[in-house]
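Visitor: Here it is, the structure, as structure tokens.
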Amino acid sequence: MRALGTLDPRSLALFRILLGSLLLLDVALRFLDLRAFYTDFGVLPRSVVIERHNPAEHFSLMMGSGAAWFQAAVLVCAAISGACLALGYRTRIAAVAAWILLVSIQHRNPLILQGGDVLFRIMVLFAAVLPVSRVWALDAVAGRMTTLRPSLLHFAYVAQVACVYIITGAAKYKQAGWREGSGLAYALWLQQYTTWLGDLLGKLPVSWLHAANHGVLAVEVLVPLLLFLPWRVPLMRMACFAVFAAFHIAVLATLKVGLFSLISFVAWIPLLPAEFWSWLSRRAKSPSTAAVLHPMSEESCLPEQGWRALMPNLLGAALLSFLVLWNCTNVFSSLRPTLVPPALRQAALLFGVDQSWEMFSRPISSDGWIIIPAVRADGSMADLFSGEEYCGPKRPQSLSAAFLGDRWRKYWRNLLGTGKDYQRLGLGRCFCRRSIEQDAPESRIEALQIIFMREEIQPDGSHAVPAKVLLWSHECRAGLLRKWEKKLPFSSLPYPKG
């Protein structure tokens, strides 16, 4: 039982280094779309965030200004905190700062978030309370080491990692498609997300895909349970690590889901047992490398007495209780009013630990691509989605490669939902503002349509003939839609709302 609450300092140190590096990578990728996603010039101004997406408990430093320079400053601060976290310099302060900044960035634009972002901010919060700077850190060199001891806090982290998969598997099992064996097949047939390897695997016999579907469910629900088994704990953790490392490599190779696979892989690093590092140090060719990897002395692992030993256990008990209550309501939604009182929900939203693990749990039976035919002032037409001249609804050679990036892929998928007129209006206004700023008067966009070319996915994996679905018509100035009514693909033009 004591081993269940033990995390090795070298595993925690590697976790800290990779987590800080991930934060740097995340910030670098967000810089590419800084203006479009985080400024008032872009697709989601702050006023819309407040009106549509911002519970009172949420906070975001990015809401302080809609200017690009201010958003860039927040991202730079996040990168600095990530670098300090990776180096182990003033680690606890760096982790708290990284958590505040990461939550601020995520709450600024919820339309581009996915499950990996939720896990990411929870991992950064755990890094602020776990002893991640005991080795391989500037704090350790300076003698600012945190105390290492088994505790419920360590076990709470293990439980958090296990919950991601168990709850995801349970959410999938609630869907008829996954129970019947077609859930994985539909994920591999959704070409908006698949890589070339995913497309290749999607062509396997349906019976094979159904068998793999049940294998995925079994892995997600049953394998993490080994983490709670108080028997041969190092062996159980290494087995789980190996299984899920392979699992996420497979996801990375077949589906384009952003940083999700990397974040999930890093989440498993703290579970590497001391035996792994002992084995690695025995096989090191260089004595200096072996010395770095050498096991910690037993003295450094002795538990402390008094309130310093009590605090991690109290915090761990609180986190464990929260995980059980919150994730039970994810599986049994009818229990939510009973198990999650308003105060607990407010605290979860404030600290960013509100979580819902449902990645690909609902099989999506429609694929397709976006076209945005727009008329310029001189009468010529452009497709604002592809950035090329408009030549009709031509299917891209690769649907997944047609998106500018993973954040944009998530944004466009959100655009297809019901009740998204406010999002479509914001996108249309963004296109008009950008054209006025960048284009010559005769080349400015005057009217546009957002059209989804929907392809229904058949039970055998084939795609039906695409159907044209008008999502939105937009005019950059009143009366321009009527002016270009015969030029745009849809002749019956509903006028924009708002």
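Quick note on naming: the chains in the structure tokens go A, B, ... in the order shown, residues restart at 1 in each chain, and ligands are numbered from 1 in order of appearance.
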Need the shell around A:Val324: protein/DNA/RNA residues with any atom at most 9 Å away, counting only C-alpha atoms. Skip same-chain ones fewer than 5 positions apart. Format as an MDAnalysis selection string?
Guide: chainID A and resid 163 319 329
Visitor: The selected residues should be written to file as a PDB file, in the first residue's frame (atoms: N, CA and C atoms).
Guide:
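Final file, again30.pdb:
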ATOM      1  N   CYS A 163      -8.042   7.909 -14.199  1.00  0.00           N
ATOM      2  CA  CYS A 163      -9.404   8.390 -14.474  1.00  0.00           C
ATOM      3  C   CYS A 163      -9.577   8.805 -15.937  1.00  0.00           C
ATOM      4  N   LEU A 319      -8.093  15.885  -3.058  1.00  0.00           N
ATOM      5  CA  LEU A 319      -8.080  15.675  -4.505  1.00  0.00           C
ATOM      6  C   LEU A 319      -8.685  14.335  -4.889  1.00  0.00           C
ATOM      7  N   THR A 329     -19.970  11.677 -11.697  1.00  0.00           N
ATOM      8  CA  THR A 329     -21.031  12.430 -12.379  1.00  0.00           C
ATOM      9  C   THR A 329     -20.817  12.469 -13.881  1.00  0.00           C
TER      10      THR A 329
END
Visitor: Could you check which of A:Phe120, A:Tyr411, A:Phe276, A:Phe59 is closest to A:Asp26, using only C-alpha atoms?
Guide: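 Using only C-alpha atoms, A:Asp26 sits closest to A:Phe120.
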Visitor: Could you please determine the separation between atom CA of A:Ala94 and atom CA of A:Ser81 in Å, to one decimal place?
Guide: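 Straight-line distance from atom CA of A:Ala94 to atom CA of A:Ser81 works out to 5.1 Å.
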Visitor: Using atom CA of A:Pro342 and atom CA of A:Gly115 as the two end points, give the distance in Å to one decimal.
Guide: 23.4 Å
Visitor: If we count only C-alpha atoms and set the cut-off at 9 Å, which residues sit around stretch 416-428 of chain A, ignoring sequence neighbours fewer than 5 positions away in its own chain? Please answer as a ChimeraX atom specification.
Guide: /A:42-45,48,52,433,447-450,452,471-476,496-498
Visitor: Give me the residues within 9 Å of A:Arg92 as a list in words, counting only C-alpha atoms and dropping any in the same chain fewer than 6 places off.
Guide: Leu85, Ala127, Ala128, Val129, Leu130, Pro131, Val132 and Ser133 of chain A
Visitor: Just checking: using only C-alpha atoms, which residue out of A:Ile80, A:Arg2, A:Pro466, A:Arg237 ends up closest to A:Ile93?
Guide: A:Ile80
Visitor: What's around A:Ala56 at 9 Å? Count only C-alpha atoms, leave out sequence neighbours fewer than 2 positions away in its own chain, and write the answer as a PDB file with C-alpha atoms, in the first residue's frame.
Guide:
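Dumped to part.pdb:
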ATOM      1  CA  ASN A  54     -17.312  32.821 -19.513  1.00  0.00           C
ATOM      2  CA  HIS A  58     -13.368  31.514 -14.909  1.00  0.00           C
ATOM      3  CA  PHE A  59     -10.475  33.940 -15.052  1.00  0.00           C
ATOM      4  CA  GLN A 346     -17.246  26.782  -8.498  1.00  0.00           C
ATOM      5  CA  LEU A 350     -11.710  28.311 -10.624  1.00  0.00           C
TER       6      LEU A 350
END
Visitor: Extract, using only C-alpha atoms, all DNA, RNA and protein residues at most 10 Å from A:Ala402, discarding same-chain residues fewer than 3 positions from it, and format them as an mmCIF file with C-alpha atoms, in the first residue's frame.
Guide:
data_model
loop_
_atom_site.group_PDB
_atom_site.id
_atom_site.type_symbol
_atom_site.label_atom_id
_atom_site.label_comp_id
_atom_site.auth_asym_id
_atom_site.auth_seq_id
_atom_site.Cartn_x
_atom_site.Cartn_y
_atom_site.Cartn_z
ATOM 1 C CA GLN A 192 -10.860 15.291 -41.362
ATOM 2 C CA TRP A 369 -14.866 19.897 -46.086
ATOM 3 C CA ILE A 370 -15.480 23.649 -45.914
ATOM 4 C CA PHE A 385 -10.904 28.568 -46.665
ATOM 5 C CA SER A 386 -8.259 27.335 -49.098
ATOM 6 C CA ARG A 395 -12.807 18.058 -52.884
ATOM 7 C CA PRO A 396 -9.313 18.453 -51.380
ATOM 8 C CA GLN A 397 -6.916 15.595 -52.017
ATOM 9 C CA SER A 398 -6.568 15.172 -48.243
ATOM 10 C CA LEU A 399 -9.353 16.464 -46.000
ATOM 11 C CA GLY A 405 -3.571 23.335 -38.085
ATOM 12 C CA ARG A 409 -9.576 21.865 -37.243
#
